[in-house]
Amino acid sequence: MSRHLRFAARAFTFLVLGLALAGSADVEAAPSGPLPRIGIVQIVEHPSLDAARQGFVDALAELGYVEGSTVRYDVRSAQGDLAIAQAIAQRFVADGVDLILAIATPAAQAAAQATRSIPILITAVTDPVAARLVESLERPGTNVTGTSDMTPVAAQLRLLRQLVPSARRVGVVYNPGEVNSQVQARLTRQAAAELGLEIVEASAASSTEVMTAAQSIARRVDAYYVFTDNTVVSALESVVKVAEEARKPLIVGEGDSVRRGGLASVAIDYYELGRQTGRMAAEVLRGASPAEMPIQFQQEARLVINLQAARRMGVTVPAELIESAAEVIR
């Protein structure tokens with residue numbers, strides 16, 4: 001069994017455990033006394049990460065931790081800069097917050113470097129083990145736990161083959177400096193090889209480099225694929241523009257990117273992922289140890305299709321795919 005398959009199998013196991021834990025964490029009144037303070041550090045602002053943050057806040061509110069009433073938040077964006085993320089995390093430690101929510105891998109790594117005692121909940125982190133945040137998925141063994149946004153990379157490439165059977169060379173733009181993206185790039189190469197696709201890679205170290213990177217491979221690819229790379233997703237409109245001008249289909253890694261102009265995705269729901277993380281945070285605030293709480297995953301993925309983007313990219317979407325989609329943008 002490949003590492004990815006083992007990862008997915010463990011994900012299912014942890015989902016079941018996560019659902020059981022979520023059920024047991026049902027509504028209780030938040031503890032009395034000083035209001036718990038939660039510091040939120042988000043590596044960059046884009047719809048998926050914003051949705052995860054909102055889901056976290058909403059879930060905690062349903063469990064008795066209402067912003068301004070029974071809990072206080074300090075929400076900070078690192079604006080895509082790791083040094084800023086590190087400074088934010090150090091500030092949270094100096095302020096003595098009760099819990100840190102770290103959104104996306106670089107933010108999680110910054111928080112983990114800043115403290116080994118304050119509980120850290122993570123979300124939108126693809127592989128917490130590869131990012132050296134936890135000892136194992138089953139038992140973190142550190143002050144870090146939370147949810148992974150491991151996406152169904154192989155399913156997304158199979159969707160590309162369904163939409164564009166003639167495609168052979170797929171352009172992938174990503175930031176190789178992010179562990180999150182390194183993991184997904186490896187999974188993409190593995191899945192592509194099994195499907196007979198050739199991957200053409202272009203790197204973008206910052207959001208300002210995304211358009212140039214996409215343009216650099218436009219003549220060498222039949223389609224584009226953007227997984228959940230925060231640098232590229234934060235500048236997704238640049239890739240959409242290049243794809244539309246070149247009439248090349250663009251498959252993306254999550255639903256918000258479809259709504260922003262991508263052609264289609266088999267995607268997890270970041271808002272629901274944030275809610276899972278919020279439920280875990282409530283357990284920690286009530287005394288649970290992050291070290292003993294397995295990393296949770298989202299099992300279900302939704303097919304999202306943008307027919308407007310399909311027209312602009314010159315793609316005819318099969319009727320059976322439209323009928324089976326959870327969401328169709330017309």
# chains A, B, ... in the order shown; residues from 1 in each chain; ligands from 1
$ select_by_dssp --residues "segment 83-127 of chain A" --states "alpha helix (DSSP H)" --output "list in words"
Ala83, Ile84, Ala85, Gln86, Ala87, Ile88, Ala89, Gln90, Arg91, Phe92, Val93, Ala94, Asp95, Thr105, Pro106, Ala107, Ala108, Gln109, Ala110, Ala111, Ala112, Gln113 and Ala114 of chain A
$ closest_atom_pairs --of "segment 177-212 of chain A" --to "segment 78-83 of chain A" --cutoff "12 Å" --atoms "only C-alpha atoms" --output "tab-separated table"
residue	atom	partner	partner_atom	distance
A:Gly177	CA	A:Leu82	CA	10.8
A:Glu178	CA	A:Leu82	CA	10.3
A:Ala205	CA	A:Gly80	CA	10.3
A:Ser206	CA	A:Gly80	CA	7.9
A:Ser207	CA	A:Gly80	CA	8.3
A:Thr208	CA	A:Gly80	CA	11.1
$ write_last_selection --atoms "N, CA, C and O atoms" --output "PDB file, in the first residue's frame"
ATOM      1  N   GLY A 177       8.486  26.248  -1.535  1.00  0.00           N
ATOM      2  CA  GLY A 177       8.963  26.538  -0.189  1.00  0.00           C
ATOM      3  C   GLY A 177       7.984  26.154   0.899  1.00  0.00           C
ATOM      4  O   GLY A 177       8.325  26.167   2.080  1.00  0.00           O
ATOM      5  N   GLU A 178       6.748  25.799   0.532  1.00  0.00           N
ATOM      6  CA  GLU A 178       5.738  25.397   1.516  1.00  0.00           C
ATOM      7  C   GLU A 178       5.710  23.877   1.634  1.00  0.00           C
ATOM      8  O   GLU A 178       5.571  23.184   0.618  1.00  0.00           O
ATOM      9  N   ALA A 205       7.414  31.835  -5.727  1.00  0.00           N
ATOM     10  CA  ALA A 205       7.760  31.983  -4.315  1.00  0.00           C
ATOM     11  C   ALA A 205       6.877  33.003  -3.606  1.00  0.00           C
ATOM     12  O   ALA A 205       6.810  33.025  -2.377  1.00  0.00           O
ATOM     13  N   SER A 206       6.203  33.853  -4.372  1.00  0.00           N
ATOM     14  CA  SER A 206       5.306  34.851  -3.781  1.00  0.00           C
ATOM     15  C   SER A 206       4.121  35.049  -4.710  1.00  0.00           C
ATOM     16  O   SER A 206       4.158  34.660  -5.886  1.00  0.00           O
ATOM     17  N   SER A 207       3.078  35.693  -4.201  1.00  0.00           N
ATOM     18  CA  SER A 207       1.872  35.887  -5.015  1.00  0.00           C
ATOM     19  C   SER A 207       2.147  36.755  -6.238  1.00  0.00           C
ATOM     20  O   SER A 207       1.476  36.620  -7.258  1.00  0.00           O
ATOM     21  N   THR A 208       3.136  37.637  -6.160  1.00  0.00           N
ATOM     22  CA  THR A 208       3.453  38.503  -7.303  1.00  0.00           C
ATOM     23  C   THR A 208       4.101  37.717  -8.447  1.00  0.00           C
ATOM     24  O   THR A 208       4.182  38.226  -9.567  1.00  0.00           O
TER      25      THR A 208
END
$ residues_around --residues "Leu285 of chain A" --least-positions-apart "4" --cutoff "10 Å" --atoms "only C-alpha atoms" --output "ChimeraX atom specification"
/A:30-31,36,38,65,98-99,119,280-281,289
$ residues_around --residues "Leu137 of chain A" --least-positions-apart "3" --cutoff "7 Å" --atoms "only C-alpha atoms" --output "PyMOL selection string"
chain A and resi 129+140+294-295
$ write_last_selection --atoms "all heavy atoms" --output "short mmCIF file (atom, residue, chain, number, x, y, z; two decimals), in the first residue's frame"
data_model
loop_
_atom_site.label_atom_id
_atom_site.label_comp_id
_atom_site.auth_asym_id
_atom_site.auth_seq_id
_atom_site.Cartn_x
_atom_site.Cartn_y
_atom_site.Cartn_z
N VAL A 129 2.61 15.67 9.98
CA VAL A 129 3.83 14.93 10.31
C VAL A 129 4.99 15.46 9.46
O VAL A 129 6.08 15.75 9.98
CB VAL A 129 3.63 13.42 10.07
CG1 VAL A 129 4.93 12.67 10.32
CG2 VAL A 129 2.53 12.88 10.99
N PRO A 140 -0.51 12.86 18.52
CA PRO A 140 0.40 13.97 18.22
C PRO A 140 1.62 14.03 19.13
O PRO A 140 2.73 14.30 18.69
CB PRO A 140 -0.50 15.20 18.37
CG PRO A 140 -1.86 14.70 18.00
CD PRO A 140 -1.92 13.30 18.57
N PRO A 294 -6.08 12.69 18.24
CA PRO A 294 -5.64 12.41 16.87
C PRO A 294 -5.99 13.55 15.91
O PRO A 294 -7.00 14.24 16.08
CB PRO A 294 -6.42 11.14 16.51
CG PRO A 294 -6.78 10.51 17.80
CD PRO A 294 -6.99 11.66 18.76
N ILE A 295 -5.15 13.72 14.92
CA ILE A 295 -5.45 14.65 13.83
C ILE A 295 -6.70 14.17 13.10
O ILE A 295 -6.83 12.98 12.80
CB ILE A 295 -4.27 14.74 12.84
CG1 ILE A 295 -3.01 15.27 13.55
CG2 ILE A 295 -4.64 15.61 11.64
CD1 ILE A 295 -3.10 16.70 14.03
#
$ closest_residue --among "A:Leu307, A:Ala130, A:Leu101, A:Ala111" --to "Tyr73 of chain A" --atoms "only C-alpha atoms"
A:Leu101
